[in-house]
Amino acid sequence: MVVFDLSEWTWTAMGPALVLALTALALFVFDSINPRSTNRPVVAGIATVGSLASLGVAVWYVLAGVGHPDTGGAIDLFGGQLVVDQMALFFMIVVAVVTALVSIASYDYMRDHAYQAEYYSLMLLAATGMSVMAASNSLVTIFIALELASLPSYALVAILKDNKGSVEAGLKYFLIGALSSAIFVYGISLVYGATGHLQLEAIAANLDGEYNGLLGVGVLMLIAGFAFKTASVPFHFWAPEAYEGAPAPISAFLSSASKAAGFVIAFRVFTTAFPLETMTDFGVDWALAFIILAIVTMTVGNFAAATQNNVKRMLAYSSVGHAGYALIGLAALTVDGGELVLGAAMMHLLVYGFMNTGAFLFVALAEYWGVGRTFEDYNGLARQAPIACVALAIFMFSLAGIPPFGGFWSKYFLFTGALEAATVNPALLVVAAALVVNSALSLYYYSRLVKAVWIEDPVLERETLTQPAGLYAAIVAAAVVTVVILPGFGPVAELAYDAAAMLVG
Amino acid sequence: MVGAFEFAPAIALLPLAAFVVALLFGDYLPKKGAYAGILATAGSLALSLWMLVAVFGGEAYNEELYDWAIGEEITFHFGILIDPLSALMLVIVSLVALLVHVFSMGYMNDEGETGLRRYYAELGLFTFSMLAFVMADNLLMAFIFFELVGLCSYLLIGFWFRTRSAPSAAKKAFLVTRFGDYFFLLGVVAIGATFGTLSFAGDASFVDAAAGAIDAGETFHGFSAETWVTILGLLVLGGVIGKSAQFPLHTWLPDAMEGPTTVSALIHAATMVAAGVYLVARMFGFYALSPTALAIIAFVGAFTALFAATMGVVKDDIKQVLAYSTISQYGYMMLGLGVGGYVAGVFHLMNHAFFKALLFLGAGAVIILMHHEQDMWKMGGLKDKAPVTYYTFLAGALALAGIIPFSGFWSKDEILFDAIILGLEEPIFLVAYAMGLLAVFFTGFYTFRMVFLTFHGEPRTDAARDPHPLGWNVKAPLAVLGVLALVAGVANLAPVAKLTGVDIVFLEHWLDGEYGAVDGLLYSEYTATAGLETAYIAGSETITLIAAGVLALGLALGGAGLAYVLYNVPEPKAHTENLGQAREVLRSNYYQDEFQVWLATGVTLPLARAADRFDGSVIDGVVNGVSSVSLFGSGGMKRLQTGVVTNYAALIVLGFVALLVFFGVYGGWFV
């Protein structure tokens, strides 16, 4: 592999994020030269090329071993404010992949929209924020990156300005987001108060047990902030509304990339700044908090999804449920290790990035066709659009965790990881049981959708459905990856485990 | 160096390729894929002969090729074991398969059958499964291909699936053998779980592990190692009894005659039925550890030999007679193996493969001659019209009846000799010997009843007066097998060797590793492990030998002679009436079918109904309850989402405060 010497140009390690930022700026430039341009091929093309370039750089860095212990380990930037290690690159890949899929799909979905360049540049700015979140290594950079990701998201949710639902969803999202950010930044201040530091390693080095109560409250508030970003219960209330009201590609973007970014900072903060052993001694057993959050989140998400009539809302709740699965990665961290389960959570987020994005993009396709929003409206779609419906079946079964799709394997590793950790902490048996029960329940509502499109007869006669190239390309690509990730799981798993081991070890 | 054994996988893979070719392109090939099958099996035969030569040259092969599941305790792999036994069996199987393929051109193609693409594809898969089973180096692989063999039998027995009887017979064969295989599977799992290995040979074989456990006096699950080995051996034996159609799981085999006669030849001579006995021979070292298991094998075999022979006496359908003779002959092999006569059992397996394939193909030829009539009472006088068929069939019949010097005599004599010398030491085995001996008489009788009814006398129908002509592709396989039925006995002329002192027991040397061999798989080692004591009449081996041989031959001739008297007349009559009530019992096969149907409907069905009721009420009730509760809970969860953003803010704050209070108290932050 190409070994890339970054010693002189360490800032280039942030390449994937920088590419996204530059793309957003390029879109601004294009828009300022051509205001109100609706030249969709150009703007969507710039966004797609930019996100693919970001993906390419991130993959190249991974292959070249940037941030790998063999090539000098994690790269610290700006005095440890940012760090580029394998986990950062891993999540940069997730963000870039989702951004690319969504950009391609948006080409068709946003066809009659007035604010083309704005839409894409906001999306890429949000993606930049998420990409930076992956590398943030200080509570300050985390907060800034988080806001950079959040603020454009609010606008994106509300971008269908003459659609009541979209605007309402945007406002609700913004209000809840503001509340959560307030709690989060308050938590940061309390942690600073207890330790005197914001940089994560420095916090870990200055945990002296003097202000345990202060620290504990601060940590809980940080958890609240992450829970908001990852749509975990009880900070999930924005998610069903926002996902339902937002344009479907944006729902895909938020539920996949934004969630992944929320998880990466949670992983980094809790493994780096608050070592479990020390924190347990201080009476701040954050793993227990994540155990509770994981169980509650899975259960609420899946149970609420079970009887939804609206497909998009069902997917929104399923996304809450999947946040619960990924939380196992933190819940199952134990004093003596846990890189396996953390790696499994990372893999789950990667697979989820494909299958969930694909599922929301199918909804985008349905909205593009104008077939309606409920399960019944989807009845019999397979007769007119078999390819897309095969892809949908793949997404649904993978989300439910049916072999041989990617979703099965990541869930399986989460399950075995939780069981392994249960030898140390029996509470994880409950988590593992909840995972199984909820997965079983989830099959019910996922297969309902498959049944609707494949087995049921259409309620109304439909006209011939068009095949928008962009949406189809994105959906098929996501479906293909959901399937072929299985043989490719070896290297992916290795990368995830390496990344997790670096963090935990 | 590229040795012969590098090509061993190809022996099995060639027929597999033929299967694929016939399946995909059969309709476009000349003879619908027959040539593909012939080429493949000829290739397999050539390679098998090469293996035989290589083993003859003092080599053997025991190699793990591919691990397909790697665990901490046990690893499952595919591997190949070529030792004298499997090399011999490979030749037998591929030879019979080749001849069956050739014969099929006459029996199936020339007779204008439809569905030939399917026929040749299934034949290829069948051959592949059996060859792979034969060369399996571990029990699990053997089990996998054992099952595939069963599947292929099912497909081929039900080849004429549009008739009523064929699918039913196929199902019966499948289910009855499955019943036995269920125990086999349990045995495989238990052996794997007990010893952590499933290999037949080598340092890490379960046979060695079992021997070690017995020596060390270990106990498993509260049983002594020896008892446990017996239990394991008997579990595996379940599969053998099913496949080799031993009592009480023999009922499928006569029905299996619904398949094409060529298929019957393959099933009976070299594949399906042979698989069971081959498995016992393959893991004979394991059975040798358990005298109890051996005794059970011997008694099952002896009883089956007699039991099936008596039923063969009253059958009118030529294929039915042969079917019961198959059951009976496999009983002999089991008897031979059970009394420690490993060489004798394998010897009979080989001879039987040749003469039974011959008899079935001969019966197939008769059926062609008779325009697809199978009732022997409608035949007669075919002797002069089809001399090739007659003389080859006669050779097969002489071998089956055990008339000197045909091959069957030598192997059956050896089995009975091994039984009597063991019985003289341990009298209980004399019962088994007596059953085997008595069966000789019946065998001679029904065999020659069949020959006389079919070929001798006057033609009794128009079809028999004007038989359908036969092609070379029918006659050539018959000729090859006819010669083998005559001369195959030369492989192991043990009685002659003992009487004259000339060393002509080739097969014994062959199986005893005189040439190539794999450690632990030798006749002498088995004998040493089993440690069976033997005795002779008047202390003299020669006297015993002559007495046993003369007795068996005399009975065979007696049976044949009785048949001659009764049936070798121009207009034979049915004499079964004279049997009185016994006739009905025999015709109804001792009511075994009825008994098994009663078992299914009278015992299993009520049990299944009860289980179904439990499933319907308790299990489904719980499941439905869970789903109602889930859906109800789902409604509650949905109501949390009111759509009012101030409610959300309140819930978030409340949720956060609840967490804060819980952890504050739990972690003691407020103290």
# chains A, B, ... in the order shown; residues from 1 in each chain; ligands from 1
>>> residues_around(residues="A:Ala47", least_positions_apart="3", cutoff="8 Å", atoms="only C-alpha atoms", output="MDAnalysis selection string")
chainID A and resid 23:24 27 43:44 50:51 100 103 120:121 124
>>> residues_around(residues="B:Ile74", least_positions_apart="6", cutoff="12 Å", atoms="only C-alpha atoms", output="list in words")
Asp67, Trp68, Leu140, Val189, Ile191, Gly192, Ala193, Thr194, Phe195, Gly196, Thr197, Leu198, Ser199, Ala204 and Phe206 of chain B
>>> closest_atom_pairs(of="chain B", to="chain A", cutoff="12 Å", atoms="only C-alpha atoms", output="Markdown table")
| residue | atom | partner | partner_atom | distance |
| --- | --- | --- | --- | --- |
| B:Val623 | CA | A:Leu441 | CA | 11.6 |
| B:Val626 | CA | A:Leu441 | CA | 10.0 |
| B:Ser627 | CA | A:Leu441 | CA | 8.5 |
| B:Ser628 | CA | A:Thr307 | CA | 11.4 |
| B:Val629 | CA | A:Phe303 | CA | 10.2 |
| B:Ser630 | CA | A:Phe303 | CA | 6.7 |
| B:Leu631 | CA | A:Thr307 | CA | 6.7 |
| B:Phe632 | CA | A:Phe303 | CA | 9.1 |
| B:Gly633 | CA | A:Phe303 | CA | 6.6 |
| B:Ser634 | CA | A:Phe303 | CA | 4.5 |
| B:Gly635 | CA | A:Ala304 | CA | 7.0 |
| B:Gly636 | CA | A:Ala304 | CA | 7.9 |
| B:Met637 | CA | A:Ala304 | CA | 5.0 |
| B:Lys638 | CA | A:Ala304 | CA | 5.3 |
| B:Arg639 | CA | A:Ala304 | CA | 8.9 |
| B:Leu640 | CA | A:Phe237 | CA | 8.8 |
| B:Gln641 | CA | A:Phe237 | CA | 6.9 |
| B:Thr642 | CA | A:Phe237 | CA | 9.4 |
| B:Gly643 | CA | A:Glu241 | CA | 7.7 |
| B:Val644 | CA | A:Lys172 | CA | 8.7 |
| B:Val645 | CA | A:Lys172 | CA | 6.1 |
| B:Thr646 | CA | A:Ile176 | CA | 9.1 |
| B:Asn647 | CA | A:Phe237 | CA | 9.5 |
| B:Tyr648 | CA | A:Phe237 | CA | 6.1 |
| B:Ala649 | CA | A:Ile176 | CA | 6.6 |
| B:Ala650 | CA | A:Ile176 | CA | 10.4 |
| B:Leu651 | CA | A:Pro234 | CA | 7.3 |
| B:Ile652 | CA | A:Pro234 | CA | 5.7 |
| B:Val653 | CA | A:Pro234 | CA | 8.9 |
| B:Leu654 | CA | A:Pro234 | CA | 9.0 |
| B:Gly655 | CA | A:Pro234 | CA | 6.1 |
| B:Phe656 | CA | A:Ala224 | CA | 7.3 |
| B:Val657 | CA | A:Leu220 | CA | 9.8 |
| B:Ala658 | CA | A:Pro234 | CA | 10.6 |
| B:Leu659 | CA | A:Leu220 | CA | 7.9 |
| B:Leu660 | CA | A:Val217 | CA | 6.9 |
| B:Val661 | CA | A:Val217 | CA | 9.7 |
| B:Phe662 | CA | A:Ala289 | CA | 9.7 |
| B:Phe663 | CA | A:Val284 | CA | 7.5 |
| B:Gly664 | CA | A:Gly213 | CA | 7.4 |
| B:Val665 | CA | A:Gly283 | CA | 9.6 |
| B:Tyr666 | CA | A:Gly283 | CA | 7.6 |
| B:Gly667 | CA | A:Gly283 | CA | 4.1 |
| B:Gly668 | CA | A:Gly283 | CA | 6.6 |
| B:Trp669 | CA | A:Gly213 | CA | 4.0 |
| B:Phe670 | CA | A:Gly213 | CA | 6.1 |
| B:Val671 | CA | A:Gly213 | CA | 8.4 |
>>> select_by_dssp(residues="stretch 50-194 of chain B", states="alpha helix (DSSP H)", output="ChimeraX atom specification")
/B:50-56,84-104,116-135,139-157,165-194
>>> closest_residue(among="B:His468, B:Leu369, B:Gly112, B:Asn589", to="B:Pro254", atoms="only C-alpha atoms")
B:Asn589
>>> closest_residue(among="A:Leu20, A:Ile33, A:Ser136, A:Leu460", to="A:Val49", atoms="only C-alpha atoms")
A:Leu20
>>> residues_around(residues="stretch 551-557 of chain B", least_positions_apart="2", cutoff="8 Å", atoms="only C-alpha atoms", output="PyMOL selection string")
chain B and resi 401-404+409+413+437-438+440-445+547-549+559-561
>>> write_last_selection(atoms="C-alpha atoms", output="short mmCIF file (atom, residue, chain, number, x, y, z; two decimals), in the first residue's frame")
data_model
loop_
_atom_site.label_atom_id
_atom_site.label_comp_id
_atom_site.auth_asym_id
_atom_site.auth_seq_id
_atom_site.Cartn_x
_atom_site.Cartn_y
_atom_site.Cartn_z
CA ALA B 401 -27.46 -69.47 -4.66
CA GLY B 402 -23.89 -70.14 -3.62
CA ILE B 403 -23.06 -72.99 -5.94
CA ILE B 404 -19.43 -73.87 -6.34
CA PHE B 409 -20.18 -69.66 -2.92
CA ASP B 413 -18.97 -70.11 2.69
CA LEU B 437 -27.42 -71.83 7.06
CA LEU B 438 -31.13 -72.34 6.74
CA VAL B 440 -29.00 -70.95 2.12
CA PHE B 441 -31.64 -73.53 1.35
CA PHE B 442 -34.31 -70.92 0.72
CA THR B 443 -31.93 -68.90 -1.39
CA GLY B 444 -31.21 -71.87 -3.60
CA PHE B 445 -34.91 -72.53 -3.92
CA ALA B 547 -18.14 -79.96 7.13
CA ALA B 548 -19.36 -76.38 6.94
CA GLY B 549 -18.70 -76.12 3.23
CA GLY B 559 -33.01 -75.83 -2.55
CA ALA B 560 -32.12 -75.62 -6.19
CA GLY B 561 -33.04 -79.25 -6.65
#
>>> residues_around(residues="stretch 249-252 of chain A", least_positions_apart="3", cutoff="9 Å", atoms="only C-alpha atoms", output="MDAnalysis selection string")
chainID A and resid 98 101:103 105:106 109 123 153 156:157 242:246 255:257 312 316 353 356:361 363:364
>>> closest_residue(among="A:Arg448, A:Lys259, A:Arg268, A:Lys161", to="A:Leu200", atoms="only C-alpha atoms")
A:Arg268
>>> decode(residues="stretch 286-314 of chain A", atoms="N, CA, C and O atoms", output="short mmCIF file (atom, residue, chain, number, x, y, z; two decimals), in the first residue's frame")
data_model
loop_
_atom_site.label_atom_id
_atom_site.label_comp_id
_atom_site.auth_asym_id
_atom_site.auth_seq_id
_atom_site.Cartn_x
_atom_site.Cartn_y
_atom_site.Cartn_z
N TRP A 286 -21.11 5.23 34.06
CA TRP A 286 -21.83 5.61 32.85
C TRP A 286 -22.24 4.42 32.00
O TRP A 286 -23.19 4.48 31.23
N ALA A 287 -21.52 3.28 32.15
CA ALA A 287 -21.94 2.10 31.38
C ALA A 287 -23.35 1.70 31.77
O ALA A 287 -24.15 1.31 30.92
N LEU A 288 -23.66 1.83 33.05
CA LEU A 288 -25.01 1.49 33.50
C LEU A 288 -26.03 2.42 32.84
O LEU A 288 -27.10 1.99 32.41
N ALA A 289 -25.66 3.72 32.76
CA ALA A 289 -26.57 4.66 32.10
C ALA A 289 -26.83 4.22 30.67
O ALA A 289 -27.96 4.26 30.18
N PHE A 290 -25.76 3.77 29.99
CA PHE A 290 -25.97 3.34 28.60
C PHE A 290 -26.75 2.03 28.52
O PHE A 290 -27.47 1.80 27.56
N ILE A 291 -26.58 1.18 29.54
CA ILE A 291 -27.38 -0.04 29.56
C ILE A 291 -28.85 0.32 29.61
O ILE A 291 -29.68 -0.18 28.83
N ILE A 292 -29.18 1.23 30.53
CA ILE A 292 -30.59 1.64 30.66
C ILE A 292 -31.06 2.28 29.35
O ILE A 292 -32.12 1.93 28.81
N LEU A 293 -30.25 3.21 28.84
CA LEU A 293 -30.65 3.90 27.62
C LEU A 293 -30.83 2.90 26.47
O LEU A 293 -31.79 3.00 25.69
N ALA A 294 -29.92 1.94 26.37
CA ALA A 294 -30.00 0.98 25.27
C ALA A 294 -31.30 0.20 25.34
O ALA A 294 -32.03 0.07 24.35
N ILE A 295 -31.59 -0.32 26.53
CA ILE A 295 -32.80 -1.15 26.67
C ILE A 295 -34.04 -0.31 26.37
O ILE A 295 -34.90 -0.70 25.57
N VAL A 296 -34.11 0.87 26.99
CA VAL A 296 -35.30 1.70 26.82
C VAL A 296 -35.43 2.12 25.35
O VAL A 296 -36.52 2.09 24.77
N THR A 297 -34.32 2.51 24.76
CA THR A 297 -34.38 3.00 23.39
C THR A 297 -34.83 1.92 22.41
O THR A 297 -35.71 2.14 21.58
N MET A 298 -34.22 0.73 22.54
CA MET A 298 -34.64 -0.36 21.66
C MET A 298 -36.12 -0.62 21.81
O MET A 298 -36.85 -0.78 20.84
N THR A 299 -36.56 -0.70 23.07
CA THR A 299 -37.92 -1.13 23.32
C THR A 299 -38.91 -0.07 22.83
O THR A 299 -39.86 -0.39 22.10
N VAL A 300 -38.66 1.18 23.20
CA VAL A 300 -39.59 2.23 22.78
C VAL A 300 -39.61 2.31 21.25
O VAL A 300 -40.68 2.34 20.63
N GLY A 301 -38.44 2.31 20.64
CA GLY A 301 -38.37 2.46 19.18
C GLY A 301 -39.13 1.36 18.48
O GLY A 301 -39.98 1.61 17.62
N ASN A 302 -38.87 0.13 18.85
CA ASN A 302 -39.48 -0.98 18.13
C ASN A 302 -40.97 -1.11 18.43
O ASN A 302 -41.76 -1.39 17.54
N PHE A 303 -41.33 -0.90 19.69
CA PHE A 303 -42.75 -1.03 20.02
C PHE A 303 -43.55 0.07 19.34
O PHE A 303 -44.64 -0.17 18.84
N ALA A 304 -42.99 1.27 19.31
CA ALA A 304 -43.73 2.34 18.67
C ALA A 304 -43.82 2.12 17.17
O ALA A 304 -44.79 2.49 16.52
N ALA A 305 -42.78 1.49 16.60
CA ALA A 305 -42.79 1.27 15.16
C ALA A 305 -43.82 0.21 14.77
O ALA A 305 -44.33 0.21 13.65
N ALA A 306 -44.12 -0.69 15.71
CA ALA A 306 -44.87 -1.90 15.34
C ALA A 306 -46.21 -1.60 14.71
O ALA A 306 -46.62 -2.28 13.78
N THR A 307 -46.92 -0.60 15.20
CA THR A 307 -48.29 -0.43 14.70
C THR A 307 -48.46 0.85 13.89
O THR A 307 -49.57 1.34 13.73
N GLN A 308 -47.36 1.42 13.40
CA GLN A 308 -47.49 2.62 12.58
C GLN A 308 -48.17 2.28 11.25
O GLN A 308 -47.99 1.21 10.70
N ASN A 309 -48.93 3.23 10.75
CA ASN A 309 -49.50 3.05 9.42
C ASN A 309 -48.72 3.78 8.35
O ASN A 309 -48.84 3.47 7.18
N ASN A 310 -47.99 4.77 8.83
CA ASN A 310 -47.22 5.58 7.90
C ASN A 310 -45.82 5.00 7.76
O ASN A 310 -45.12 4.79 8.76
N VAL A 311 -45.42 4.71 6.54
CA VAL A 311 -44.15 4.01 6.32
C VAL A 311 -42.97 4.83 6.82
O VAL A 311 -42.06 4.32 7.49
N LYS A 312 -43.01 6.11 6.53
CA LYS A 312 -41.86 6.94 6.91
C LYS A 312 -41.73 7.02 8.43
O LYS A 312 -40.64 7.00 8.99
N ARG A 313 -42.89 7.09 9.09
CA ARG A 313 -42.88 7.16 10.54
C ARG A 313 -42.41 5.83 11.13
O ARG A 313 -41.67 5.80 12.13
N MET A 314 -42.80 4.74 10.49
CA MET A 314 -42.31 3.43 10.94
C MET A 314 -40.79 3.40 10.85
O MET A 314 -40.10 2.99 11.79
#
